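Please read the structure below before turning to the comments.
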Amino acid sequence: MWSFEAQLVKRVVNDVIKTLDRVSLEVAKHPVGMERIAEDLIQKFKLNLEGGLVKSGILGIGGIGKTTLAKAMFNQVYAHFDATSFVFNVRTTVADSVCLTKLQKQILKDLTNYDGKVQSVEKGISLFRDRLGGKRVLLILDDMDGREQSEALLGDWLAPGSRVVITSRDKHILHVAGVSPECIHEMSGLQTNEGLQLFSWHSFLRASPSPTYEAFSKRIVEACKGHPLSLEVIGSLLYDKKNDPDCWTEAFHNIALHPKIYEILKISYSGLSEEEKEIFLDIACFFIGEHKRYPIVFWKSMYRSVHTAISNLSLKLLVRIDDKGVFHMHDHLRDMGRSIAEKEREGTRVWEAVHLSRGESNNNNFSRLRLSGGNSQRLETLYRPGLRFLHLKNLTLDGITPAILPPNLIWLRLQNCEKPFQSSLVRNVWFFAIQGAFHFSLVDNIWDLRIMQVDGDIPSFQYLLFNILGNLLQLQHLELRNCRNLNKVPCTIGNLSQLQRLDLSWCTELNKLPHTIGNLSQLQHLDLGGLKLNKLPHTIGKLSQLHYLDLSWCQKLSDLPHSIGNLSQLQYLDLSACECLNNLPDTIGNLSQLQYLNLNCCKKLNNLPCTIGKLSKLQCLDLGGTKLNKLPNTIGNLSHLQHLYLRWCTKLNKLPCTIDKLSQLQCLELKGCQNLNDLPYTIGNLPQLQHLDLSNCQYLYFLPKSIGKLSQLQYLDLNWCTNLSDLPETIDNLSQLRHLYLCHTKLNILHDTIDNLPHLQIFQEGIEAKEAA
């Protein structure tokens with residue numbers, strides 16, 4: 001007799017298996033000294049032992065290495081816990097998102113796989129209690145600085161055996177969080193030999209300094225008091241100065257003269273070119289957390305060597321750019337930059353309303369202005385002829401006189417200023433207003449405008465747009481998102497020969513595009529998601545540089561023009577939720593560069609043209625929720641396809657045998673294909689398949705024996721395959737299988753050799769346990 005209880009016990013995840021789906025954190029490029037400290041603190045904080053709940057804290061100034069140390073500790077002990085969550089930058093995240101629910105959702109996702117909404121802090125706490133149960137968890141909260149954070153993220157829901165590690169700059173915060181004094185580690189600078197190693201890695205790309213500069217290096221390390229950030233920044237500054245001893249002498253004297261961290265970091269800033277300084281200050285004041293795309297366009301209108309400047313800032317560790325192209329900067333460097341901008345650059349940059357109250361508004365020189373928040377502002381007094389960047393967000397605006405936008409403006413950004421725009425013709429100049437009588441004047445001679453971004457419902461904005469758009473000949477990026485009253489785009493848009501990006505998404509009253517859109521010869525990105533379009537102009541095929549086209553949620557779009565096949569550079573095409581789309585033109589096969597095609601929830605789509613097999617570079621094809629009853633045999637020609645989604649294709653009754661030619665396929669989703677009653681034997685010939693979802697295939701009676709040839713398969717979901725009564729013995733060959741879902745099936749035998757699959761977890765709650773024959 002097969003014992004359900006015994007099998008369930010065998011599937012309880014041991015420490016090794018639990019770690020398979022978790023990844024260690026990158027500690028630092030050169031984590032000098034951190035492993036030693038981490039090992040000591042793991043013992044001190046009992047992170048690798050059983051027992052009651054233990055809260056611990058790492059205390060220290062910014063840049064001293066608190067986060068780096070916490071990551072090193074995490075990597076050594078995470079395998080001992082049922083679940084883990086490392087929450088970075090608590091202080092910054094809360095400041096940006098206003099509420100704590102974002103962090104609560106992240107922790108719930110990490111610890112319980114909960115992916116629903118967290119509507120309030122109280123709801124989040126309730127979810128913690130309901131879902132965590134007795135889990136022994138590791139929770140690390142990085143850079144916490146407020147009592148409300150402690151109340152929302154820590155509580156009686158933490159089970160015995162759990163461990164909490166908090167990093168903070170404020171000892172009082174650790175006491176509020178319930179950390180006892182003996183569980184607080186106060187960080188000091190690195191020891192001299194460790195500091196010398198870290199400095200040497202950045203200045204000489206090795207663990208020790210060159211003999212010529214060894215004495216200098218030691219004196220600089222001592223002057224920096226072992227502060228890691230200072231050592232990294234100064235080391236990077238001196239990296240290319242190996243043949244210039246005067247630079248080393250000057251750096252040391254400056255550090256000795258100004259030993260505070262701020263002044264040490266400023267030495268690196270002082271060594272920048274003028275363009276690099278301006279770009280650094282712009283990032284510090286405005287663009288932390290922003291993608292580099294738009295700032296680069298902004299800077300290129302003023303400076304010559306933008307990419308070189310950004311590269312140098314990155315090499316000197318003054319700015320970090322992540323894999324997604326987003327700017328990041330350490331808090332110390334940000335504060336230093338903002339202090340320089342405020343005190344030494346004569347208020348050329350204004351990024352908070354408080355600066356206006358201190359008198360900067362009387363300065364005629366500010367060129368960048370960003371204001372956000374709910375406070376009322378009388379912006380008619382802020383006109384400056386040199387204004388180049390204007391960003392208004394979540395503002396209540398008022399005033400009685402027009403504020404003319406200067407002709408040198410390069411970047412205009414309005415977010416959630418949703419009070420009605422009003423337009424009136426005064427002295428042949430069109431004005432638009434935010435909330436009543438406050439007026440901007442967008443005159444015809446804004447020759448330098450490169451970026452216009454408007455996000456929010458702006459009644460009557462189209463009148464303004466009609467009169468100025470065709471004259472913005474330098475415009476490269478135009479975003480008019482969520483302008484629900486915009487129902488027409490002027491034909492003059494065709495004049496914008498430099499336009500590269502056009503985003504009209506969720507302008508829900510827009511039902512037609514002008515044929516002149518085909519004149520946008522430089523357009524690369526076109527987002528039309530959520531529009532009421534019932535057709536596209538045939539001239540869209542003239543967009544020879546277009547890489548990205550989003551038509552998702554265009555629910556009235558019934559077909560595509562044949563000219564779409566002329567988009568020879570198109571890589572991304574999203575047609576998801578185009579509910580009236582019933583076919584694709586044969587010319588779709590001409591999109592030779594297409595990599596992503598999304599037809600999910602195209603509810604009337606019941607066939608694909610055979611030419612789809614010509615999309616030789618296609619990597620992802622999503623056909624979920626369509627009415628397809630079969631796939632063309634030519635689908636086997638998609639030699640680069642990695643992801644094929646067919647979930648809830650309820651009419652699909654079989655897969656073509658040519659599926660075995662998809663040699664790069666990694667993920668095949670057939671969830672909810674309720675008419676699918678078997679799989680082709682050739683499915684076993686997919687050498688790269690890792691993820692196979694067959695859940696809710698209610699008429700699937702058996703799996704082919706060839707499934708045992710899927711040597712890379714890691715995930716197999718058979719939940720709610722209610723007619724599946726057996727598994728082929730060849731499943732024992734799936735040596736990489738980690739997750740097997742068998743809930744609500746008729747399976748009554750699990751082969752003994754499954755026990756030999758080293759990584760396997762079986763999820764079978766609700767399975768009907770039966771005796772083997």
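Naming works like this for the structure tokens: A, B, ... for the chains as they're shown, residue 1 at the start of each chain, ligands 1 onward in shown order.
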
Problem - Distance query Leu584 in chain A at most 8 Å, only C-alpha atoms, self and fewer than 6 positions along chain excluded, as number ranges by chain - result: A: 559-560, 608-609

Store the residues picked out above, limited to C-alpha atoms, as a compact mmCIF listing (two decimals), in the first residue's frame.
```
# COMPACT_ATOMS: atom_id res chain seq x y z
CA ASP A 559 -7.46 44.11 -38.16
CA LEU A 560 -4.00 45.33 -39.05
CA LEU A 608 -2.69 32.11 -37.45
CA PRO A 609 -1.28 32.60 -40.94
```

Practice task
Report as a VMD selection string: the residues of range 131-208 of chain A with a DSSP assignment of helix (DSSP H, G or I), based on the backbone of this structure.
Solution key: chain A and resid 131 to 132 147 to 153 171 to 176 181 to 183 192 to 203

Problem - Close residues, Arg36 in chain A itself excluded, 12 Å, only C-alpha atoms, min 2 positions apart in chain, as a list of chain:residue names - result: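 Counting only the stated atoms, we get A:Pro31, A:Val32, A:Gly33, A:Met34, A:Ala38, A:Glu39, A:Asp40, A:Leu41, A:Ile42, A:Gln43, A:Leu69, A:Ala72, A:Met73, A:Gln76, A:Leu190, A:Gln191, A:Glu194.
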
Practice task
Identify, on the basis of only C-alpha atoms, every residue whose closest approach to Phe74 in chain A does not exceed 9 Å; exclude the query and any residue fewer than 6 positions from it along the same chain; express the result as a PyMOL selection string.
Solution key: chain A and resi 24-25+38+84+86+138+140

Exercise for the section: Go through A:Glu250, A:Asp678, A:Asp574, A:Glu479 and flag the residue nearest Pro656 in chain A, using only C-alpha atoms for the distances. Expected result: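 Checking each candidate against Pro656 in chain A, we get A:Asp678 as the closest.
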
Practice task
Tell me, as a list in words, which residues lie within 7 Å of range 331-344 of chain A, counting only C-alpha atoms; anything in the same chain fewer than 6 positions away does not count.
Solution key: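 Once the adjacent positions are removed, what remains is Gly62, Tyr262, Leu281, Ala284, Cys285 and Leu318 of chain A.
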
Problem - Among the residues A:Phe327, A:Phe702, A:Trp720, A:Tyr114, the one that comes closest to Cys743 in chain A [using only C-alpha atoms] - result: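 Among A:Phe327, A:Phe702, A:Trp720, A:Tyr114, it is A:Trp720 that comes nearest to Cys743 in chain A.
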
Practice task
DSSP on the backbone, then: every residue of range 53-235 of chain A marked strand (DSSP E), written as a list of chain:residue names.
Solution key: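 Everything in range 53-235 of chain A that counts as strand (DSSP E) is A:Val54, A:Lys55, A:Ser56, A:Gly57, A:Ile58, A:Leu59, A:Ala83, A:Thr84, A:Ser85, A:Phe86, A:Val87, A:Val137, A:Leu138, A:Leu139, A:Ile140, A:Leu141, A:Arg163, A:Val164, A:Val165, A:Ile166, A:Thr167, A:Ser168, A:Ile184, A:His185, A:Glu186.
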
Practice task
Check the smallest atom-to-atom distance from each of A:Lys225, A:Arg91, A:His30, A:Arg345 to Leu205 in chain A using only C-alpha atoms, then report the winner.
Solution key: A:His30

If we count only C-alpha atoms, what is near Trp447 in chain A at a cut-off of 7 Å, once residues fewer than 6 positions away on the same chain are taken out, given as a PDB file with all heavy atoms, in the first residue's frame?
```pdb
ATOM      1  N   PRO A 407      11.714  80.419 -24.244  1.00  0.00           N
ATOM      2  CA  PRO A 407      12.040  79.733 -25.503  1.00  0.00           C
ATOM      3  C   PRO A 407      13.198  78.750 -25.373  1.00  0.00           C
ATOM      4  O   PRO A 407      13.378  77.918 -26.248  1.00  0.00           O
ATOM      5  CB  PRO A 407      12.412  80.884 -26.447  1.00  0.00           C
ATOM      6  CG  PRO A 407      12.799  82.010 -25.553  1.00  0.00           C
ATOM      7  CD  PRO A 407      11.943  81.875 -24.332  1.00  0.00           C
ATOM      8  N   LEU A 472       7.265  72.372 -32.962  1.00  0.00           N
ATOM      9  CA  LEU A 472       8.291  71.860 -32.046  1.00  0.00           C
ATOM     10  C   LEU A 472       9.237  70.945 -32.820  1.00  0.00           C
ATOM     11  O   LEU A 472       9.289  69.741 -32.609  1.00  0.00           O
ATOM     12  CB  LEU A 472       7.629  71.121 -30.887  1.00  0.00           C
ATOM     13  CG  LEU A 472       6.593  71.926 -30.093  1.00  0.00           C
ATOM     14  CD1 LEU A 472       5.970  71.076 -29.004  1.00  0.00           C
ATOM     15  CD2 LEU A 472       7.226  73.175 -29.497  1.00  0.00           C
ATOM     16  N   LEU A 473      10.025  71.540 -33.693  1.00  0.00           N
ATOM     17  CA  LEU A 473      10.781  70.776 -34.670  1.00  0.00           C
ATOM     18  C   LEU A 473      11.954  70.015 -34.078  1.00  0.00           C
ATOM     19  O   LEU A 473      12.511  69.133 -34.733  1.00  0.00           O
ATOM     20  CB  LEU A 473      11.271  71.707 -35.785  1.00  0.00           C
ATOM     21  CG  LEU A 473      10.155  72.433 -36.551  1.00  0.00           C
ATOM     22  CD1 LEU A 473      10.754  73.284 -37.655  1.00  0.00           C
ATOM     23  CD2 LEU A 473       9.157  71.439 -37.129  1.00  0.00           C
ATOM     24  N   GLN A 474      12.352  70.354 -32.837  1.00  0.00           N
ATOM     25  CA  GLN A 474      13.439  69.623 -32.183  1.00  0.00           C
ATOM     26  C   GLN A 474      12.930  68.507 -31.270  1.00  0.00           C
ATOM     27  O   GLN A 474      13.726  67.786 -30.666  1.00  0.00           O
ATOM     28  CB  GLN A 474      14.301  70.587 -31.357  1.00  0.00           C
ATOM     29  CG  GLN A 474      14.977  71.679 -32.169  1.00  0.00           C
ATOM     30  CD  GLN A 474      15.947  71.115 -33.184  1.00  0.00           C
ATOM     31  OE1 GLN A 474      16.692  70.186 -32.898  1.00  0.00           O
ATOM     32  NE2 GLN A 474      15.918  71.673 -34.385  1.00  0.00           N
TER      33      GLN A 474
END
```

Practice task
Could you check how far CA of Ser230 in chain A sits from CA of Met144 in chain A, in Å to one decimal?
Solution key: 22.5 Å

Handout entry: Nearest candidate to Lys46 in chain A (options A:Asn394, A:Thr587, A:Asn685, A:Ser162; using only C-alpha atoms)
Key =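 Ranked by minimum distance to Lys46 in chain A, first place goes to A:Ser162.
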
Handout entry: Pick from A:Ser695, A:Gln104, A:Thr745, A:Ser301, whichever lies nearest to Asn408 in chain A using only C-alpha atoms
Key =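 Ranking A:Ser695, A:Gln104, A:Thr745, A:Ser301 by distance to Asn408 in chain A, first place goes to A:Ser301.
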
Practice task
Considering only C-alpha atoms, return as JSON, numbers by chain whatever protein or nucleic-acid residues lie within 6 Å of Leu621 in chain A, sequence-local ones (same chain, fewer than 5 positions apart) excluded.
Solution key: {"A": [597, 598, 644]}

Please dump the current selection as a PDB file, in the first residue's frame; keep C-alpha atoms.
```
ATOM      1  CA  LEU A 597       4.638  38.935 -30.169  1.00  0.00           C
ATOM      2  CA  ASN A 598       1.794  39.126 -27.655  1.00  0.00           C
ATOM      3  CA  LEU A 644       5.269  29.713 -25.925  1.00  0.00           C
TER       4      LEU A 644
END
```

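Between CA of His643 in chain A and CA of Trp553 in chain A the separation is 21.8 Å.
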
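You will find CA of Ser56 in chain A at 21.4 Å from CA of Leu100 in chain A.
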
Handout entry: Proximity to Ile61 in chain A - best of A:Leu694, A:Leu229, A:Ile451, A:Leu158, only C-alpha atoms
Key =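 Going through A:Leu694, A:Leu229, A:Ile451, A:Leu158 one by one, the smallest distance to Ile61 in chain A is for A:Leu229.
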